[in-house]
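Coordinates as given in data-v2.txt (compact mmCIF, C-alpha atoms):
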```txt
# COMPACT_ATOMS: atom_id res chain seq x y z
CA MET A 996 110.94 86.53 91.57
CA THR A 997 114.44 87.69 90.62
CA LYS A 998 116.23 90.01 93.02
CA THR A 999 119.54 91.54 92.06
CA THR A 1000 122.42 92.20 94.41
CA ARG A 1001 122.98 95.67 95.85
CA ASP A 1002 126.03 96.23 93.65
CA ASP A 1003 123.83 96.00 90.57
CA ASN A 1004 121.18 98.54 91.49
CA TYR A 1005 122.49 101.99 92.11
CA VAL A 1006 122.87 105.40 90.52
CA VAL A 1007 126.13 107.15 91.37
CA ILE A 1008 127.19 110.76 91.89
CA ASP A 1009 130.89 111.45 91.65
CA ARG A 1010 133.16 114.48 92.00
CA ASN A 1011 136.23 114.25 89.76
CA GLY A 1012 135.84 110.48 89.71
CA VAL A 1013 135.50 110.16 93.49
CA ILE A 1014 132.21 108.48 94.37
CA GLU A 1015 130.27 110.76 96.67
CA ASN A 1016 126.83 109.14 96.78
CA ARG A 1017 125.24 105.86 95.76
CA HIS A 1018 121.48 105.94 95.36
CA GLU A 1019 119.77 102.55 95.44
CA LEU A 1020 117.27 102.00 92.63
CA HIS A 1021 114.45 99.48 92.36
CA ALA A 1022 112.63 99.11 89.04
CA VAL A 1023 110.46 96.57 87.29
CA VAL A 1024 109.07 96.20 83.76
CA VAL A 1025 105.95 94.11 83.08
CA ASP A 1026 103.63 93.48 80.15
CA SER A 1027 99.83 93.57 79.94
CA THR A 1028 99.55 90.02 81.30
CA GLY A 1029 101.54 90.95 84.40
CA LYS A 1030 104.59 89.00 83.25
CA VAL A 1031 107.81 90.47 84.65
CA LEU A 1032 110.29 91.19 81.85
CA PHE A 1033 113.14 93.13 83.52
CA VAL A 1034 114.15 94.14 87.02
CA VAL A 1035 116.59 96.34 88.88
CA GLY A 1036 116.93 95.72 92.60
CA ASP A 1037 113.85 94.43 94.42
CA PRO A 1038 110.62 94.45 92.38
CA ASN A 1039 108.71 93.37 95.48
CA ARG A 1040 109.76 96.30 97.66
CA VAL A 1041 106.58 97.40 99.45
CA THR A 1042 106.21 101.00 98.36
CA LEU A 1043 103.91 103.82 99.34
CA ILE A 1044 103.09 104.94 95.84
CA ARG A 1045 101.81 108.33 96.98
CA SER A 1046 100.68 110.49 94.05
CA ALA A 1047 101.52 107.77 91.53
CA ALA A 1048 98.13 106.42 92.67
CA LYS A 1049 96.28 109.42 91.22
CA PRO A 1050 95.38 107.88 87.84
CA ALA A 1051 93.69 104.96 89.59
CA GLN A 1052 92.02 107.32 92.06
CA ALA A 1053 90.75 109.36 89.11
CA VAL A 1054 89.12 106.25 87.63
CA ALA A 1055 86.90 106.10 90.72
CA ILE A 1056 85.96 109.75 90.17
CA VAL A 1057 85.05 109.06 86.53
CA GLU A 1058 82.91 106.11 87.56
CA THR A 1059 80.71 108.28 89.80
CA GLY A 1060 79.50 110.22 86.74
CA ALA A 1061 80.69 113.49 88.31
CA LEU A 1062 82.27 114.77 85.10
CA GLU A 1063 79.01 114.53 83.18
CA LYS A 1064 76.88 115.75 86.05
CA TYR A 1065 78.90 118.93 86.59
CA GLY A 1066 80.05 119.63 83.04
CA LEU A 1067 83.72 118.85 83.67
CA GLY A 1068 86.06 118.17 80.76
CA GLU A 1069 89.16 116.16 79.96
CA ALA A 1070 91.57 118.91 81.01
CA ASP A 1071 89.79 118.92 84.37
CA LEU A 1072 90.29 115.16 84.57
CA ALA A 1073 94.00 115.58 83.80
CA LEU A 1074 94.27 118.03 86.70
CA MET A 1075 92.63 115.46 88.97
CA CYS A 1076 95.63 113.23 88.21
CA ALA A 1077 98.12 116.01 88.83
CA SER A 1078 100.88 116.92 91.18
CA HIS A 1079 100.86 120.34 89.57
CA SER A 1080 103.26 123.25 89.83
CA SER A 1081 100.72 125.76 91.17
CA GLU A 1082 100.75 127.68 87.91
CA ASP A 1083 97.88 130.13 87.52
CA ARG A 1084 96.18 127.86 84.95
CA HIS A 1085 96.26 124.96 87.43
CA VAL A 1086 94.74 126.98 90.23
CA GLU A 1087 92.07 128.55 88.03
CA ARG A 1088 91.03 125.14 86.77
CA ALA A 1089 90.85 123.75 90.32
CA LYS A 1090 88.66 126.68 91.28
CA GLY A 1091 86.47 125.94 88.28
CA ILE A 1092 86.03 122.31 89.29
CA LEU A 1093 85.03 123.41 92.77
CA ALA A 1094 82.53 125.99 91.53
CA LYS A 1095 80.87 123.75 88.93
CA ALA A 1096 80.16 121.09 91.56
CA GLY A 1097 78.89 123.60 94.14
CA ASN A 1098 81.94 123.41 96.37
CA SER A 1099 84.37 126.07 97.59
CA GLU A 1100 87.99 126.28 98.66
CA ALA A 1101 86.82 126.10 102.27
CA ASP A 1102 85.74 122.50 101.60
CA LEU A 1103 89.25 121.40 100.65
CA ARG A 1104 91.08 119.26 103.19
CA CYS A 1105 94.53 119.68 101.67
CA GLY A 1106 96.82 122.46 102.86
CA GLY A 1107 98.77 125.19 101.13
CA HIS A 1108 102.52 124.67 100.76
CA PRO A 1109 105.55 126.10 98.96
CA ALA A 1110 105.52 125.72 95.18
CA ILE A 1111 107.26 122.69 93.72
CA LEU A 1112 109.51 124.76 91.44
CA PRO A 1113 112.00 126.99 93.30
CA ASP A 1114 111.62 129.99 90.97
CA ARG A 1115 107.88 130.16 91.56
CA ASN A 1116 108.38 129.79 95.27
CA LYS A 1117 110.91 132.64 95.29
CA ALA A 1118 108.39 134.84 93.48
CA TRP A 1119 105.79 134.05 96.13
CA ILE A 1120 108.23 134.97 98.88
CA ARG A 1121 109.13 138.26 97.18
CA ALA A 1122 105.44 139.08 96.84
CA GLY A 1123 104.66 138.08 100.43
CA PHE A 1124 102.16 135.54 99.09
CA GLU A 1125 100.89 132.81 101.43
CA PRO A 1126 99.51 129.86 99.41
CA THR A 1127 96.08 128.57 100.46
CA PRO A 1128 94.73 125.04 99.86
CA VAL A 1129 93.66 125.64 96.26
CA TRP A 1130 97.34 126.27 95.44
CA SER A 1131 98.28 122.81 96.72
CA ASN A 1132 99.81 120.60 94.05
CA CYS A 1133 97.00 118.13 94.85
CA SER A 1134 94.12 120.61 94.61
CA GLY A 1135 92.92 119.04 91.36
CA LYS A 1136 92.55 115.64 92.98
CA HIS A 1137 90.80 117.08 96.02
CA SER A 1138 88.45 119.20 93.90
CA GLY A 1139 87.60 116.13 91.84
CA MET A 1140 87.00 114.06 94.95
CA LEU A 1141 84.63 116.70 96.31
CA ALA A 1142 82.68 116.67 93.04
CA ALA A 1143 82.54 112.88 93.09
CA ALA A 1144 81.36 112.82 96.70
CA ARG A 1145 78.46 115.11 95.80
CA ALA A 1146 77.69 113.07 92.69
CA ILE A 1147 77.06 109.92 94.74
CA GLY A 1148 75.07 111.85 97.35
CA ALA A 1149 77.62 111.26 100.09
CA GLY A 1150 78.31 114.92 100.82
CA PRO A 1151 81.64 116.72 101.12
CA GLU A 1152 82.20 116.19 104.83
CA ASP A 1153 85.17 113.88 105.49
CA TYR A 1154 85.52 113.11 101.77
CA HIS A 1155 89.24 112.59 102.44
CA VAL A 1156 88.82 109.92 105.13
CA LEU A 1157 89.20 106.25 104.15
CA SER A 1158 85.84 105.33 105.71
CA HIS A 1159 83.96 107.82 103.49
CA PRO A 1160 81.83 106.09 100.81
CA LEU A 1161 83.82 107.76 98.03
CA GLN A 1162 87.17 106.67 99.46
CA GLN A 1163 85.85 103.13 99.69
CA ARG A 1164 85.16 103.31 95.94
CA VAL A 1165 88.66 104.70 95.40
CA LYS A 1166 90.12 101.89 97.49
CA GLN A 1167 88.26 99.24 95.53
CA ALA A 1168 89.22 100.68 92.13
CA THR A 1169 92.88 101.03 93.15
CA GLU A 1170 93.09 97.45 94.35
CA GLU A 1171 91.23 96.02 91.36
CA ILE A 1172 93.36 97.86 88.79
CA ALA A 1173 96.52 96.66 90.55
CA ARG A 1174 95.05 93.12 90.56
CA LEU A 1175 95.56 92.78 94.27
CA PRO A 1176 93.26 91.46 97.00
CA SER A 1177 92.43 94.01 99.67
CA GLU A 1178 94.41 92.23 102.37
CA GLN A 1179 97.62 92.76 100.39
CA VAL A 1180 97.26 96.56 100.20
CA ARG A 1181 98.10 98.81 103.14
CA TRP A 1182 96.96 102.41 103.45
CA ALA A 1183 98.61 105.47 104.94
CA ILE A 1184 97.90 109.22 104.86
CA ASP A 1185 99.62 111.10 102.06
CA GLY A 1186 101.16 114.55 102.34
CA CYS A 1187 97.95 116.12 101.02
CA ASN A 1188 95.86 114.52 103.79
CA MET A 1189 94.26 111.74 101.73
CA PRO A 1190 94.71 107.94 101.86
CA ALA A 1191 97.50 106.50 99.70
CA PRO A 1192 98.13 102.80 99.04
CA ALA A 1193 101.25 100.75 99.65
CA TYR A 1194 101.99 97.48 97.88
CA PRO A 1195 104.88 95.68 96.13
CA LEU A 1196 106.42 97.87 93.45
CA VAL A 1197 105.67 95.37 90.70
CA TYR A 1198 101.96 96.13 91.05
CA LEU A 1199 102.53 99.79 90.24
CA ALA A 1200 103.99 98.55 86.95
CA THR A 1201 101.00 96.23 86.51
CA THR A 1202 98.64 99.16 87.13
CA ASN A 1203 100.29 101.31 84.48
CA ALA A 1204 100.38 98.48 81.95
CA ALA A 1205 96.64 98.05 82.56
CA PHE A 1206 95.97 101.72 81.74
CA ALA A 1207 97.89 101.44 78.47
CA ALA A 1208 96.22 98.11 77.63
CA ALA A 1209 92.79 99.66 78.17
CA ALA A 1210 93.65 102.51 75.80
CA ASP A 1211 94.77 99.97 73.20
CA ALA A 1212 91.60 97.90 73.56
CA VAL A 1213 89.33 100.92 73.18
CA ALA A 1214 91.30 102.21 70.19
CA ARG A 1215 91.01 98.81 68.47
CA GLY A 1216 87.27 98.73 69.12
CA ASP A 1217 87.44 95.39 70.95
CA GLU A 1218 83.95 93.99 71.50
CA ASP A 1219 84.67 92.86 75.05
CA VAL A 1220 85.87 96.22 76.39
CA THR A 1221 84.53 96.78 79.89
CA GLN A 1222 83.21 99.99 81.39
CA ARG A 1223 86.21 100.00 83.73
CA GLN A 1224 88.54 99.90 80.72
CA ARG A 1225 86.64 102.81 79.16
CA SER A 1226 87.10 104.82 82.36
CA MET A 1227 90.80 103.95 82.44
CA THR A 1228 91.15 104.95 78.80
CA ARG A 1229 89.54 108.28 79.56
CA VAL A 1230 92.14 108.89 82.26
CA PHE A 1231 95.00 107.76 79.99
CA ASN A 1232 93.85 110.03 77.17
CA ALA A 1233 93.24 113.01 79.47
CA MET A 1234 96.76 112.78 80.89
CA SER A 1235 98.48 112.26 77.54
CA THR A 1236 96.42 114.98 75.81
CA TYR A 1237 96.86 117.58 78.55
CA PRO A 1238 100.30 116.80 80.02
CA GLU A 1239 100.72 120.43 81.07
CA MET A 1240 97.89 119.91 83.54
CA VAL A 1241 99.49 116.82 85.10
CA ALA A 1242 102.64 118.69 86.18
CA GLY A 1243 103.68 121.91 84.41
CA GLU A 1244 106.46 123.63 82.52
CA GLY A 1245 109.90 122.28 83.35
CA ARG A 1246 108.50 119.16 85.02
CA PHE A 1247 109.36 115.58 84.11
CA CYS A 1248 105.81 114.21 83.78
CA THR A 1249 104.85 116.92 81.31
CA ALA A 1250 108.06 116.56 79.29
CA LEU A 1251 107.70 112.76 79.14
CA MET A 1252 104.13 112.74 77.88
CA ARG A 1253 104.72 115.56 75.42
CA ALA A 1254 107.68 113.70 73.97
CA TYR A 1255 105.78 110.46 73.43
CA LYS A 1256 102.67 112.13 71.97
CA GLY A 1257 99.84 110.01 73.33
CA ARG A 1258 101.70 106.70 73.56
CA VAL A 1259 102.76 107.00 77.20
CA ILE A 1260 101.50 108.20 80.56
CA GLY A 1261 103.78 108.89 83.50
CA LYS A 1262 103.06 109.92 87.07
CA ILE A 1263 105.33 110.86 89.93
CA GLY A 1264 104.77 109.85 93.53
CA ALA A 1265 106.42 111.73 96.38
CA ASP A 1266 109.68 110.39 97.78
CA ALA A 1267 110.78 109.16 94.38
CA CYS A 1268 108.45 106.51 93.05
CA TYR A 1269 107.15 106.57 89.49
CA GLY A 1270 104.79 104.71 87.18
CA ILE A 1271 104.85 104.66 83.36
CA GLY A 1272 102.33 103.03 81.03
CA ILE A 1273 103.31 102.39 77.38
CA ARG A 1274 100.86 101.41 74.69
CA GLU A 1275 101.65 98.40 72.50
CA CYS A 1276 104.06 99.19 69.68
CA GLU A 1277 106.98 97.67 67.81
CA GLU A 1278 109.32 98.61 70.66
CA THR A 1279 107.22 96.81 73.27
CA ARG A 1280 106.99 93.73 71.08
CA ARG A 1281 110.79 93.69 70.70
CA LEU A 1282 111.00 93.39 74.49
CA GLY A 1283 108.96 90.19 74.30
CA ALA A 1284 105.92 91.89 75.80
CA VAL A 1285 102.38 90.78 75.22
CA GLY A 1286 100.46 94.00 74.59
CA SER A 1287 101.31 97.06 76.63
CA VAL A 1288 104.19 97.63 79.05
CA GLY A 1289 104.26 99.09 82.54
CA ILE A 1290 107.33 100.42 84.34
CA ALA A 1291 107.63 101.24 88.02
CA ALA A 1292 110.64 102.70 89.79
CA LYS A 1293 111.58 103.72 93.31
CA VAL A 1294 114.76 105.39 94.58
CA GLU A 1295 115.39 104.08 98.06
CA ASP A 1296 116.46 107.38 99.62
CA GLY A 1297 113.63 109.39 98.05
CA ASN A 1298 115.85 111.57 95.82
CA LEU A 1299 113.65 112.94 93.02
CA ASP A 1300 116.50 114.29 90.90
CA ILE A 1301 118.08 110.84 90.84
CA LEU A 1302 114.74 109.28 89.89
CA TYR A 1303 114.24 111.75 87.04
CA SER A 1304 117.73 110.99 85.73
CA ALA A 1305 117.28 107.22 86.02
CA LEU A 1306 113.95 107.03 84.16
CA PRO A 1307 115.31 108.24 80.79
CA GLU A 1308 118.19 105.79 81.24
CA LEU A 1309 115.66 102.97 81.68
CA LEU A 1310 113.72 104.08 78.59
CA ALA A 1311 116.94 104.22 76.58
CA ARG A 1312 118.02 100.74 77.64
CA LEU A 1313 114.58 99.41 76.76
CA ASP A 1314 114.77 101.32 73.46
CA ILE A 1315 111.34 102.88 73.96
CA GLY A 1316 110.95 105.74 71.50
CA THR A 1317 113.53 107.11 69.10
CA ALA A 1318 116.69 108.86 70.23
CA GLU A 1319 115.08 112.10 69.07
CA THR A 1320 112.00 111.44 71.23
CA ARG A 1321 114.12 110.66 74.27
CA SER A 1322 116.23 113.77 73.71
CA ALA A 1323 113.36 115.81 75.16
CA LEU A 1324 114.38 114.31 78.52
CA ASP A 1325 118.11 115.07 78.21
CA GLY A 1326 117.91 117.89 80.74
CA PHE A 1327 116.75 115.39 83.37
CA HIS A 1328 118.99 112.53 82.26
CA SER A 1329 122.44 114.05 81.72
CA VAL A 1330 122.89 115.86 84.99
CA ALA A 1331 126.16 117.68 85.64
CA ILE A 1332 127.04 118.59 89.23
CA LYS A 1333 128.01 122.26 89.46
CA ASN A 1334 129.35 124.35 92.29
CA THR A 1335 128.21 127.86 93.27
CA VAL A 1336 130.13 129.55 90.44
CA GLY A 1337 128.90 127.15 87.78
CA VAL A 1338 131.99 124.96 87.47
CA VAL A 1339 131.16 121.34 86.63
CA THR A 1340 132.51 119.29 89.53
CA GLY A 1341 130.87 115.92 89.00
CA HIS A 1342 128.37 113.79 87.15
CA VAL A 1343 125.60 111.25 87.56
CA SER A 1344 126.25 107.77 86.18
CA PHE A 1345 124.16 104.62 85.90
CA PRO A 1346 126.09 101.44 86.74
CA PHE A 1347 122.87 99.59 87.61
CA LYS A 1348 122.03 96.44 85.67
CA LEU A 1349 118.66 96.01 84.02
CA GLN A 1350 118.31 92.26 84.20
CA ALA A 1351 116.04 90.23 81.95
CA VAL A 1352 113.82 87.75 83.80
CA GLN A 1353 113.78 84.29 82.34
CA SER A 1354 110.32 82.79 81.98
```
With the file now loaded, output its structure as structure tokens.
Amino acid sequence: MTKTTRDDNYVVIDRNGVIENRHELHAVVVDSTGKVLFVVGDPNRVTLIRSAAKPAQAVAIVETGALEKYGLGEADLALMCASHSSEDRHVERAKGILAKAGNSEADLRCGGHPAILPDRNKAWIRAGFEPTPVWSNCSGKHSGMLAAARAIGAGPEDYHVLSHPLQQRVKQATEEIARLPSEQVRWAIDGCNMPAPAYPLVYLATTNAAFAAAADAVARGDEDVTQRQRSMTRVFNAMSTYPEMVAGEGRFCTALMRAYKGRVIGKIGADACYGIGIRECEETRRLGAVGSVGIAAKVEDGNLDILYSALPELLARLDIGTAETRSALDGFHSVAIKNTVGVVTGHVSFPFKLQAVQS
């Protein structure tokens, strides 16, 4: 597979034209068949995809029947895919998921932590508030996992451990959606105390293309749609219908999905990896794609601000969505470096090359 040179795969921060930082970027674009269309850097970089795995993990929750058994809805499912901002609506919904399935906050095996957005965290500090596990940005996923564990009769104890019957279902679904044999996927413990997969970055793109392809197949009414594809479509539609549950106000995931109005899902993973799934459209066909498109990106040094600025640049170069649609992401894309008195002292630029892969 094509690998570009280092000089072709970075995002730059300068001050008055003096290069201060170079941030190495890896990205890959695939279609629904898994064909690689474009690359930046190393598409085979083995990457811990962290919370970018949540849509696939949520498929395993759907497949247990927990949503039907406990009367959980699509907004609840969106929260199960979330790295949320600990807004009151997020926490109240997580509490609701717990209560409906007969669980409590004491059952959660994630920990409380500072809020993702600085302003909310400052408010907590001023109020002397100490966040508990239900305020974790991953509380939706954990609450959903607890419900799923009960639904299969496995019990809540150790629901977060890879050997638990539920996590074995999650593992299988994650590997199957990525189209990878088990021996090619490694597992580590995420920041929220749950297993997270690691595999070549290209398979995160493949995973997201598969979600979008499933949504297309269900929408067309294809006769050969599988139950797995129906579960994946449910996750795709939950995320794209309730983007405010997947992240929150002022967050990239929410802004992206709002802008594209049901055509796209996007999910952040900690330390700057990201997956995007795009349903088939004229723009994807212009790229030479068969069916849907998946994009995966990773910033080598884990800088989230750089990732969020690079993703709109990738979408623009691929010409996905109109300029008006992409303008909703301008606040993330066109980043000016300011000093403590608000003077613009530098900018972010994108000298990386998005290289087409010849078939």
- Pick the closest to A:Ala1291 from A:Ala1110, A:Leu1324, A:Val1006, A:Leu1196: which is it, counting all atoms listed in the file? A:Leu1196
- Contacts of stretch 1305-1316 of chain A at 6 Å (all atoms listed in the file; same-chain gap of 2+ positions) as a list in words: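 That gives Glu1278, Leu1302, Tyr1303, Thr1320 and His1328 of chain A.
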- Task: Pick out the residues sitting within 7 Å of stretch 1237-1240 of chain A, and hand them over as number ranges by chain; count only C-alpha atoms, and ignore anything fewer than 6 positions along from it in its own chain.
- Result: A: 1070, 1073-1074, 1077, 1079, 1085, 1249, 1252-1253
- Nearest-residue call for A:Lys1095, choices A:Gly1272, A:Pro1038, A:Gly1107, A:Gly1139, using all atoms listed in the file: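 Among the listed residues, A:Gly1139 lies closest to A:Lys1095.
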- Query: Which polymer residues have any atom within 12 Å of an atom of A:Ile1332, counting all atoms listed in the file, with same-chain residues fewer than 6 positions away left out, as a PyMOL selection string?
  - Reply: chain A and resi 1007-1012+1015+1300-1301+1338-1344
- Item | Spatial neighbours of A:Val1031, 9 Å, all atoms listed in the file, chain gap at least 4 places, as a list in words |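 The filter keeps Met996, Val1023, Val1024, Val1025, Asp1026, Val1197, Ala1351, Val1352, Gln1353 and Ser1354 of chain A.
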- Task: Find, counting only C-alpha atoms, the residue in A:Glu1218, A:Gly1283, A:Glu1295, A:Ser1304 that gets nearest to A:Leu1020.
- Result: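 Answer, going by the shortest atom-to-atom distance: A:Glu1295.
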